[in-house]
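Undergrad: To start, I am sharing the structure in question, which I have written as structure tokens.
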Amino acid sequence: MIEKTSRRSFLSATVASFAWLIVGDRASAQPANLAGTSCKVKGRERTVDGVTFICRNAKGKLVWRRKPGTAQEKITTVRALESADLELGKTKVVEVPAPNGGTTGLVLTRTEAGITALRVNCTHAGFPVARVGKVLECELHGSQFEPATGAVVTGPAVRPLTRYDATESNGGIYVTITSK
């Protein structure tokens with residue numbers, strides 16, 4: 001019996017040493033994500049890799065849950081188009097960088113009142129809109145919107161297109177995009 005115990009001890013020490021050689025000091029006793037693991041004191045908070053967890057009662061057991069937070073609004077002003085590229089009464093669809101990464105589509109329309117910048121996605125099903133005659137029309141279900149304001153002309157959409165602030169200066173059209 002003594003012989004088996006010493007072999008087992010030797011093997012486990014060898015495996016542990018080998019694992020330490022590979023992982024080194026990068027090994028952490030604390031998991032990167034605590035969500036769902038058990039905790040002991042209700043209300044205790046712990047931050048791991050910039051994420052805060054709080055100990056809560058879930059179905060009669062104390063477990064770590066991610067602490068709810070509020071999304072911060074990001075505001076970006078981008079040059080969307082050259083002023084000369086948008087004539088009076090015309091509409092252009094352009095892609096611009098989004099504040100959270102990626103791109104977002106815009107519908108720019110020049111009217112006598114100024115420039116209107118609208119999000120290209122229909123508020124009914126998210127499909128892109130395009131200028132058809134005097135209205136912006138969704139390609140999927142046919143919702144129509146007023147190009148100067150984004151207001152709904154005919155449904156099935158009931159909400160207007162998202163509108164962004166647009167300004168014109170230094171030979172360019174600048175659009176301020178907000179996102180949460």
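Please note that chains go A, B, ... in the order of the structure tokens, that every chain numbers its residues from 1, and that ligands are numbered from 1 in the order shown.
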Would you mind listing what lies within 10 Å of Pro156 of chain A as an mmCIF file with N, CA and C atoms, in the first residue's frame, with only C-alpha atoms counted and same-chain residues fewer than 4 positions away left out?
TA:
```
data_model
loop_
_atom_site.group_PDB
_atom_site.id
_atom_site.type_symbol
_atom_site.label_atom_id
_atom_site.label_comp_id
_atom_site.auth_asym_id
_atom_site.auth_seq_id
_atom_site.Cartn_x
_atom_site.Cartn_y
_atom_site.Cartn_z
ATOM 1 N N THR A 123 -37.928 51.750 -39.607
ATOM 2 C CA THR A 123 -38.257 51.496 -38.201
ATOM 3 C C THR A 123 -39.205 50.316 -38.026
ATOM 4 N N HIS A 124 -39.700 49.749 -39.118
ATOM 5 C CA HIS A 124 -40.593 48.598 -39.027
ATOM 6 C C HIS A 124 -39.817 47.290 -38.945
ATOM 7 N N ALA A 125 -38.928 47.044 -39.908
ATOM 8 C CA ALA A 125 -38.204 45.772 -39.939
ATOM 9 C C ALA A 125 -36.701 45.942 -40.104
ATOM 10 N N CYS A 138 -39.184 51.788 -48.039
ATOM 11 C CA CYS A 138 -38.542 50.566 -47.555
ATOM 12 C C CYS A 138 -38.656 49.497 -48.637
ATOM 13 N N HIS A 141 -41.218 45.987 -47.045
ATOM 14 C CA HIS A 141 -42.671 46.014 -46.903
ATOM 15 C C HIS A 141 -43.326 47.256 -47.489
ATOM 16 N N GLY A 142 -42.541 48.187 -48.023
ATOM 17 C CA GLY A 142 -43.118 49.338 -48.700
ATOM 18 C C GLY A 142 -43.489 50.520 -47.832
ATOM 19 N N SER A 143 -43.003 50.575 -46.574
ATOM 20 C CA SER A 143 -43.260 51.766 -45.761
ATOM 21 C C SER A 143 -42.650 52.972 -46.456
ATOM 22 N N GLN A 144 -43.334 54.118 -46.383
ATOM 23 C CA GLN A 144 -42.837 55.326 -47.020
ATOM 24 C C GLN A 144 -42.631 56.419 -45.988
ATOM 25 N N VAL A 152 -43.470 59.254 -41.095
ATOM 26 C CA VAL A 152 -44.109 58.161 -41.820
ATOM 27 C C VAL A 152 -45.201 58.718 -42.725
#
```
Undergrad: Need the shell around Val94 of chain A: protein/DNA/RNA residues with any atom at most 10 Å away, counting only C-alpha atoms. Skip same-chain ones fewer than 6 positions apart. Format as a short mmCIF file (atom, residue, chain, number, x, y, z; two decimals) with C-alpha atoms, in the first residue's frame?
TA:
```cif
data_model
loop_
_atom_site.label_atom_id
_atom_site.label_comp_id
_atom_site.auth_asym_id
_atom_site.auth_seq_id
_atom_site.Cartn_x
_atom_site.Cartn_y
_atom_site.Cartn_z
CA ALA A 80 -20.29 62.26 -44.40
CA LEU A 81 -20.12 63.86 -47.83
CA THR A 103 -20.44 51.59 -39.96
CA THR A 104 -23.96 52.96 -40.12
CA GLY A 105 -25.97 54.00 -43.16
CA LEU A 106 -27.36 57.52 -43.55
CA VAL A 107 -29.81 59.10 -45.95
CA LEU A 108 -28.80 62.72 -46.63
CA ARG A 119 -30.78 56.61 -40.45
CA VAL A 120 -31.11 54.37 -43.52
#
```
Undergrad: Give me the residues near Ile177 of chain A as a list of chain:residue names, where near means some atom within 12 Å (using only C-alpha atoms) and where sequence neighbours in that chain fewer than 5 positions away do not count.
TA: A:Glu73, A:Lys74, A:Ile75, A:Thr76, A:Thr77, A:Val78, A:Arg79, A:Ala80, A:Val96, A:Pro97, A:Ala98, A:Pro99, A:Asn100, A:Thr103, A:Thr104, A:Gly105, A:Leu106, A:Ala117, A:Leu118, A:Arg119, A:Thr162, A:Arg163, A:Tyr164, A:Asp165, A:Ala166, A:Thr167
Undergrad: Give me, please, the distance in Å between atom CA of Val93 of chain A and atom CA of Glu168 of chain A, quoted to one decimal.
TA: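 Separation of atom CA of Val93 of chain A and atom CA of Glu168 of chain A: 16.7 Å.
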Undergrad: Which residues are close to Leu140 of chain A, i.e. within 10 Å by only C-alpha atoms, leaving aside same-chain residues fewer than 6 positions away? Reply as number ranges by chain.
TA: A: 122, 124-129
Undergrad: Excluding Gly36 of chain A and any residue of its chain fewer than 2 positions from it, enumerate the residues within 7 Å of it, using only C-alpha atoms, and give them as a compact mmCIF listing (two decimals) with C-alpha atoms, in the first residue's frame.
TA:
```txt
# COMPACT_ATOMS: atom_id res chain seq x y z
CA LEU A 34 -17.92 34.73 -11.64
CA SER A 38 -21.67 30.35 -5.47
CA VAL A 63 -24.66 33.23 -6.45
CA TRP A 64 -22.58 35.88 -8.23
CA ARG A 65 -24.46 37.95 -10.81
```
Undergrad: Write out as an MDAnalysis selection string the set of residues from segment 55-121 of chain A that DSSP, computed on the backbone, places in strand (DSSP E).
TA: chainID A and resid 55:58 61:66 74:82 91:97 103:111 114:119
Undergrad: I'd like the contact shell of Phe53 of chain A - 9 Å cut-off, only C-alpha atoms, skipping same-chain residues fewer than 2 positions apart - returned as an NGL selection string.
TA: :A and (33-35 or 44-48 or 51 or 55 or 64-68)
Undergrad: Could those selected residues go to a file with N, CA and C atoms, as an mmCIF file, in the first residue's frame?
TA:
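Contents of out39.cif, freshly written:
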```
data_model
loop_
_atom_site.group_PDB
_atom_site.id
_atom_site.type_symbol
_atom_site.label_atom_id
_atom_site.label_comp_id
_atom_site.auth_asym_id
_atom_site.auth_seq_id
_atom_site.Cartn_x
_atom_site.Cartn_y
_atom_site.Cartn_z
ATOM 1 N N ASN A 33 -14.828 34.854 -15.026
ATOM 2 C CA ASN A 33 -16.242 35.175 -14.997
ATOM 3 C C ASN A 33 -16.856 34.497 -13.788
ATOM 4 N N LEU A 34 -17.340 35.288 -12.855
ATOM 5 C CA LEU A 34 -17.917 34.730 -11.637
ATOM 6 C C LEU A 34 -19.384 34.373 -11.779
ATOM 7 N N ALA A 35 -20.059 34.885 -12.789
ATOM 8 C CA ALA A 35 -21.507 34.742 -12.909
ATOM 9 C C ALA A 35 -21.937 33.286 -12.772
ATOM 10 N N ARG A 44 -22.268 41.431 -1.272
ATOM 11 C CA ARG A 44 -20.838 41.651 -1.488
ATOM 12 C C ARG A 44 -20.568 41.864 -2.969
ATOM 13 N N GLU A 45 -19.663 42.775 -3.282
ATOM 14 C CA GLU A 45 -19.294 43.059 -4.664
ATOM 15 C C GLU A 45 -17.857 42.642 -4.908
ATOM 16 N N ARG A 46 -17.599 42.192 -6.133
ATOM 17 C CA ARG A 46 -16.248 41.803 -6.529
ATOM 18 C C ARG A 46 -16.052 42.202 -7.987
ATOM 19 N N THR A 47 -14.893 42.784 -8.293
ATOM 20 C CA THR A 47 -14.590 43.201 -9.659
ATOM 21 C C THR A 47 -13.504 42.303 -10.229
ATOM 22 N N VAL A 48 -13.785 41.727 -11.396
ATOM 23 C CA VAL A 48 -12.849 40.849 -12.083
ATOM 24 C C VAL A 48 -12.708 41.349 -13.512
ATOM 25 N N VAL A 51 -15.126 44.005 -14.705
ATOM 26 C CA VAL A 51 -16.554 43.709 -14.630
ATOM 27 C C VAL A 51 -16.908 43.498 -13.166
ATOM 28 N N CYS A 55 -23.145 39.588 -5.144
ATOM 29 C CA CYS A 55 -23.681 38.341 -4.608
ATOM 30 C C CYS A 55 -25.180 38.527 -4.362
ATOM 31 N N TRP A 64 -23.080 34.646 -7.655
ATOM 32 C CA TRP A 64 -22.578 35.882 -8.230
ATOM 33 C C TRP A 64 -23.362 36.209 -9.491
ATOM 34 N N ARG A 65 -23.779 37.453 -9.613
ATOM 35 C CA ARG A 65 -24.456 37.949 -10.808
ATOM 36 C C ARG A 65 -23.769 39.231 -11.253
ATOM 37 N N ARG A 66 -23.753 39.460 -12.541
ATOM 38 C CA ARG A 66 -23.153 40.679 -13.081
ATOM 39 C C ARG A 66 -23.967 41.876 -12.621
ATOM 40 N N LYS A 67 -23.291 42.894 -12.128
ATOM 41 C CA LYS A 67 -23.978 44.084 -11.638
ATOM 42 C C LYS A 67 -24.504 44.871 -12.832
ATOM 43 N N PRO A 68 -25.810 45.209 -12.813
ATOM 44 C CA PRO A 68 -26.344 45.972 -13.937
ATOM 45 C C PRO A 68 -25.732 47.366 -13.985
#
```
Undergrad: Among the residues of segment 15-152 of chain A, find those DSSP assigns to helix (DSSP H, G or I) from the backbone and print them as an MDAnalysis selection string.
TA: chainID A and resid 15:26 83:85
Undergrad: So how far away is atom CA of Gly114 of chain A from atom CA of Glu137 of chain A, in Å?
TA: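 Between atom CA of Glu137 of chain A and atom CA of Gly114 of chain A the gap is 21.2 Å.
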Undergrad: Measure the distance from atom CA of Pro147 of chain A to atom CA of Ala84 of chain A in Å and round it to one decimal.
TA: 19.1 Å
Undergrad: Using only C-alpha atoms, which of the listed residues (A:Ala58, A:Leu136, A:Thr149, A:Lys42) sits closest to Thr91 of chain A?
TA: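 With only C-alpha atoms as the atom set, the closest residue is A:Leu136.
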